[in-house]
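For reference, the structure is listed below as structure tokens.
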Amino acid sequence: MSEGLPEASLGESLRVVSMGVVPSLVRGLFAPRKRAMKVLTALDADRRTTELLAGIRERHRGEGVRLLGGRLVVLWGPDAIRQVLDRSAYEYASDSGAKGKGMSHFQPDALTLSRGKEWEDRREFTESVLATSERLHPFAKRFVAVVADEMERLHVSGDLAWPQIEELFDRITLRVILGDRARGDQGLTALLEERMHEANRLVGTGDDDGLFELHGRLERYVREAEPESLVAQFADAPQSDRTRVIHQIPHWMFAMRDTLAMNVARALAVIASNEDVEQRVREELDGVDPSSPDGVDGLAYLEGCLQEAMRLWPTTPLLARETTCPVHIAGQDVDEGAQVLMLNVFNHRNTADVPDADRFRPQRWEGGGHDYRFNHLSNGSQSCPGGPLVLLLGKAVLAQALDRYELDLREPYLDLGGSQPYMLDFFALRFAARPHPDAQS
Amino acid sequence: MSRPLPARALHRVFSRVNRKRPWWRVPHPFQALNLLSLRLDRRDMDGFDPPDLLYSLGVQHPGAITLHNYPRALQNHRRIDGELMDLATLDVLRDRERGVPRYNDFREEMRMPRVRSFDELTDNKEWAEQLRRVYGNDIDKVDLQIGMYAEPLPPGFGFSDTAFRIFILMASRRLKSDRFFTTDFTPEVYTQTGIDWVNKTKMRDVLLRHYPELEQALEGMPNAFLPWHKVDEGGGRFKHRVDGVKKALAAVDA
């Protein structure tokens, strides 16, 4: 395989932009649009993107390609991706373009939009609150208990579909981040949702009024922080006048409420529709108390299932970085201000590099470790600081759901003998649920 | 009759002046007086002529009415009786003691919307964060003065919108509801001479009536409240004082 970053033709460039970038915009960069998801799923958009990129990669080889005269770089080689992600927030800024513009509508001073010293400051705060370096958050016991309680209260009569899953995660999110008294504050999530949907438009996003309201409400929760909620960690977390602690909360809210919910729903779909997988999961769950943090933490195969769902259907279809200075990537000079794209949709399913790329193989994740090709939780300096926490919560929900119910996937049809489909519309998921005969409660 | 206005707060906010220039950029020696106020007391002040003191006051620019601009000398002020006081703290303390409403409550009484978050209070991110931390995330606890110093200024304004409501709108309404300024402001009550005296006399006239030597500094000034002309910069009749203050500053440095 030849090295470097070959230049793609103009035709290829245009096709990458139209197939790789435009679908992400249509889907909704920040809040998925229900109808768009349906249309894109019908078009099998991600398959088209993957096939296009696979063709380009086949022709050019290398670690990636340069498009439009080097203004745009698409990477797939793990070494090149590692270089970019390890130097993210410094040489490669993640606050540019559509992401920066859209996200600043609902979280203008968020960690993910920060660079340099500000980024370090906010990262340190965030890692401290979310306990990034620990497998178990100091409040893991309460968080897992919250999940158990919400599963208990979940109203399932025959059918389990997206609206219930969404509501379940909404309540878990509010209780974990802000405390039990926030459980019914759907007005707060609605405010954030509204801002996120407005941000999808990218233009004409208007005033800051809703943002002031959102921040004001969050300030009230922080003011009287409920013990063992994430905001209760604020007092002891390192912070300065540029941390902007309130601005860090919305990202956690949508990552837990929307992103994790989608991933858990998809993982559940695969588990429920594949007998072998379900069998292994249930064996692992046997004798494990799904209400104990250590029990949930030890569910390695289940974690593999969640990771596989994230890999196969990445909720972040692409990572974009802008170079803040001239850089070398794969031996090639790249100018300052170039856009560097890592298309997760393709990289996660790159059959030439990833063995069994299209298959659901939870064992893949058994060794742990970080594979720079798989960036659903990102890697390097800007890897998801909430990684351990979302995996714990996700596993807790899956374990509780399987412990309480026998689930069968009714819609859509997943053929699990072979390759997984490129798109799995979580809005359309529907399970048949009946109480599990051995349910503990 | 409207309810009594918290004139204490009003006075305190608007009497506050401050110098943003560092002392080595100060163009006139008397401006250094403020810097040296820690070391000077009333006896030293008695050594200056009133026109010199007024001139010094006239050429100084008032400081911006904003956060982080409180004169340090007044935060560490030794009174003649030897007591050390922090006037900035005392300002906040007195407002609280005397029941001046907090910023948001005050706004509500002014029929202005309450601010919902620290980011809405100020467009300065660093201040928003400092205030949030000082007031423990409670926007309703922000003191009136502090809130008014933090607010963004409407275009062309020297002070905040909240302050404008009380200072300009309310203060002038007060005058307009006083019969001696309105219905009874007539020659029958005041005599024509009295009316002319009130209408035609300006601050500039009052100053010059008493201290004609200020003429040069006030020449052509439409309003004595604007910064005056500087005369005899660093020399002339002030020469010996320039040297004196330079010596004093050198002593402080050493």
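Numbering starts fresh at 1 for the residues of each chain in the structure tokens, the chains themselves are lettered A, B, ... in the order given, and ligands are numbered from 1 as they appear.
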
- Task: Using DSSP on the backbone coordinates, identify the residues of range 52-253 of chain B assigned to alpha helix (DSSP H); present them as an NGL selection string.
- Result: :B and (52-59 or 72-75 or 87-97 or 103-109 or 118-121 or 125-134 or 144-150 or 161-164 or 171-176 or 187-190 or 192-200 or 203-210 or 215-218 or 239-253)

- Task: May I have the residues within 8 Å of Ala224 in chain B as a ChimeraX atom specification, using only C-alpha atoms and disregarding those fewer than 3 positions away in the same chain?
- Result: /B:58,203-204,218,221,227-228

Atoms kept (N, CA and C atoms) for selection, written as a PDB file, in the first residue's frame:
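part-v8.pdb written:
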```pdb
ATOM      1  N   GLY B  58     -11.124  69.337  37.765  1.00  0.00           N
ATOM      2  CA  GLY B  58     -11.678  69.610  36.443  1.00  0.00           C
ATOM      3  C   GLY B  58     -10.985  68.884  35.314  1.00  0.00           C
ATOM      4  N   MET B 203     -22.732  76.207  35.973  1.00  0.00           N
ATOM      5  CA  MET B 203     -21.676  75.810  36.912  1.00  0.00           C
ATOM      6  C   MET B 203     -20.400  76.598  36.627  1.00  0.00           C
ATOM      7  N   ARG B 204     -20.161  76.774  35.337  1.00  0.00           N
ATOM      8  CA  ARG B 204     -18.987  77.521  34.907  1.00  0.00           C
ATOM      9  C   ARG B 204     -18.984  78.931  35.517  1.00  0.00           C
ATOM     10  N   LEU B 218     -11.347  76.927  31.600  1.00  0.00           N
ATOM     11  CA  LEU B 218     -12.761  76.754  31.263  1.00  0.00           C
ATOM     12  C   LEU B 218     -13.145  77.470  29.975  1.00  0.00           C
ATOM     13  N   MET B 221     -15.667  76.285  27.192  1.00  0.00           N
ATOM     14  CA  MET B 221     -16.309  75.019  27.581  1.00  0.00           C
ATOM     15  C   MET B 221     -17.817  75.226  27.644  1.00  0.00           C
ATOM     16  N   PRO B 227     -14.335  67.367  30.853  1.00  0.00           N
ATOM     17  CA  PRO B 227     -12.941  67.590  31.275  1.00  0.00           C
ATOM     18  C   PRO B 227     -12.428  68.951  30.755  1.00  0.00           C
ATOM     19  N   TRP B 228     -11.768  69.709  31.641  1.00  0.00           N
ATOM     20  CA  TRP B 228     -11.330  71.069  31.304  1.00  0.00           C
ATOM     21  C   TRP B 228     -10.066  71.053  30.457  1.00  0.00           C
TER      22      TRP B 228
END
```

- range 326-343 of chain A surroundings by only C-alpha atoms, 6 Å radius, close-in-sequence under 5 positions cut, as number ranges by chain: A: 4, 71-75, 80, 318-321

Given the selection you just returned, output its residues as a file containing C-alpha atoms, formatted as a compact mmCIF listing (two decimals), in the first residue's frame.
```txt
# COMPACT_ATOMS: atom_id res chain seq x y z
CA GLY A 4 0.70 9.59 1.94
CA ARG A 71 -8.72 22.34 1.45
CA LEU A 72 -10.42 19.18 2.58
CA VAL A 73 -8.70 16.04 3.82
CA VAL A 74 -10.51 12.76 4.44
CA LEU A 75 -8.63 10.27 6.61
CA ALA A 80 -3.03 9.56 10.44
CA LEU A 318 -18.14 12.28 11.07
CA LEU A 319 -15.48 14.04 13.09
CA ALA A 320 -14.27 17.33 11.65
CA ARG A 321 -11.15 19.25 12.63
```

- Query: range 109-111 of chain B: which residues within 8 Å, counting only C-alpha atoms, same-chain residues fewer than 2 positions away excluded, as JSON, numbers by chain?
  - Reply: {"B": [105, 106, 107, 113, 165, 166]}

- Work out how far CA of Pro222 in chain B is from CA of Ser172 in chain B, in Å to one decimal. 21.4 Å

- Could the residues of chain B within 10 Å of chain A, counting only C-alpha atoms, be given as a PyMOL selection string, please? chain B and resi 115-121+125-133+135-139

- Using only C-alpha atoms, which of B:Arg102, B:His61, B:Arg173, B:Arg94 sits nearest Leu144 in chain B? B:Arg102

- Go through A:Arg135, A:Gln107, A:Ile172, A:His436 and flag the residue nearest Gln186 in chain A, using only C-alpha atoms for the distances. A:Ile172

- If you count only C-alpha atoms, which residues fall within 10 Å of range 13-17 of chain A, apart from same-chain ones fewer than 2 positions away, as a count of residues only? 22

- Message: With only C-alpha atoms as the counted atoms, please give the residues lying no more than 10 Å from Lys101 in chain A, apart from itself and same-chain residues fewer than 2 positions off, as a list in words.
- Response: Asp95, Ser96, Gly97, Ala98, Lys99, Met103, Ser104, His105, Phe106, Pro108, Leu113, Ala199, Asn200, Leu202, Val203 and Thr205 of chain A

Contacts of range 39-143 of chain B with range 147-164 of chain B up to 7 Å, shortest pair per row, only C-alpha atoms, as a Markdown table:
```
| residue | atom | partner | partner_atom | distance |
| --- | --- | --- | --- | --- |
| B:Ile65 | CA | B:Tyr149 | CA | 6.2 |
| B:Thr66 | CA | B:Tyr149 | CA | 4.3 |
| B:Leu67 | CA | B:Tyr149 | CA | 5.2 |
| B:Tyr103 | CA | B:Gly147 | CA | 5.7 |
| B:Arg107 | CA | B:Thr162 | CA | 7.0 |
| B:Leu121 | CA | B:Glu151 | CA | 5.7 |
| B:Thr122 | CA | B:Glu151 | CA | 4.9 |
| B:Asp123 | CA | B:Pro152 | CA | 6.3 |
| B:Val142 | CA | B:Gly147 | CA | 6.1 |
| B:Asp143 | CA | B:Gly147 | CA | 6.0 |
```

- Item | Atom pair CA of Phe139 in chain A / CA of His376 in chain A: separation (Å) | 24.6 Å

- Message: Between A:Arg373, A:Asp408, A:Glu194, A:Glu228, which residue has the minimum interatomic distance to Lys141 in chain A, considering only C-alpha atoms?
- Response: A:Glu228

- Query: What's the 10 Å shell around Leu111 in chain A, counting only C-alpha atoms, without same-chain residues fewer than 5 positions away, as JSON, numbers by chain?
  - Reply: {"A": [89, 94, 95, 118, 119, 120, 121, 122, 123, 124, 125, 126, 243, 244, 245, 247, 248, 249, 251, 382]}

Print the selection's residues with N, CA and C atoms to a file, as a tab-separated table (two decimals), in the first residue's frame.
```tsv
chain	number	residue	atom	x	y	z
A	89	ALA	N	-7.64	19.97	19.68
A	89	ALA	CA	-7.76	21.13	20.56
A	89	ALA	C	-6.50	22.00	20.51
A	94	SER	N	-11.60	21.73	16.98
A	94	SER	CA	-12.87	21.07	16.69
A	94	SER	C	-14.03	22.06	16.80
A	95	ASP	N	-13.71	23.35	16.77
A	95	ASP	CA	-14.76	24.35	16.96
A	95	ASP	C	-15.12	25.07	15.67
A	118	GLU	N	-8.00	27.32	27.35
A	118	GLU	CA	-9.40	27.22	27.78
A	118	GLU	C	-9.85	25.77	27.75
A	119	TRP	N	-9.43	25.08	26.71
A	119	TRP	CA	-9.80	23.68	26.59
A	119	TRP	C	-9.24	22.88	27.75
A	120	GLU	N	-7.98	23.11	28.09
A	120	GLU	CA	-7.36	22.39	29.21
A	120	GLU	C	-8.13	22.62	30.50
A	121	ASP	N	-8.47	23.88	30.72
A	121	ASP	CA	-9.20	24.26	31.93
A	121	ASP	C	-10.53	23.53	32.00
A	122	ARG	N	-11.29	23.55	30.91
A	122	ARG	CA	-12.62	22.94	30.91
A	122	ARG	C	-12.54	21.41	30.92
A	123	ARG	N	-11.52	20.90	30.26
A	123	ARG	CA	-11.34	19.46	30.23
A	123	ARG	C	-11.08	18.93	31.65
A	124	GLU	N	-10.22	19.65	32.37
A	124	GLU	CA	-9.88	19.22	33.72
A	124	GLU	C	-11.13	19.21	34.61
A	125	PHE	N	-11.93	20.26	34.47
A	125	PHE	CA	-13.18	20.34	35.23
A	125	PHE	C	-14.10	19.17	34.87
A	126	THR	N	-14.28	18.96	33.55
A	126	THR	CA	-15.21	17.93	33.09
A	126	THR	C	-14.75	16.54	33.52
A	243	THR	N	-13.77	28.60	33.13
A	243	THR	CA	-14.30	27.24	33.00
A	243	THR	C	-15.71	27.26	32.41
A	244	ARG	N	-16.53	28.22	32.85
A	244	ARG	CA	-17.92	28.31	32.37
A	244	ARG	C	-18.66	27.03	32.67
A	245	VAL	N	-18.78	26.73	33.95
A	245	VAL	CA	-19.27	25.40	34.33
A	245	VAL	C	-20.70	25.13	33.85
A	247	HIS	N	-22.10	26.09	31.21
A	247	HIS	CA	-22.09	25.80	29.78
A	247	HIS	C	-21.67	24.37	29.46
A	248	GLN	N	-21.12	23.68	30.44
A	248	GLN	CA	-20.68	22.31	30.17
A	248	GLN	C	-21.83	21.31	30.31
A	249	ILE	N	-22.89	21.70	30.99
A	249	ILE	CA	-23.96	20.74	31.30
A	249	ILE	C	-24.77	20.29	30.07
A	251	HIS	N	-24.09	19.60	27.05
A	251	HIS	CA	-23.49	18.51	26.29
A	251	HIS	C	-23.74	17.16	26.98
A	382	GLN	N	-9.21	14.51	22.77
A	382	GLN	CA	-10.61	14.90	22.94
A	382	GLN	C	-11.55	13.70	23.02
```

- Tell me, which residues of range 75-219 of chain A carry DSSP strand (DSSP E or B), written as a ChimeraX atom specification? /A:75,88,92-93,157,159-161

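Pairwise distance (CA of Thr316 in chain A, CA of Asn344 in chain A) equals 7.2 Å.
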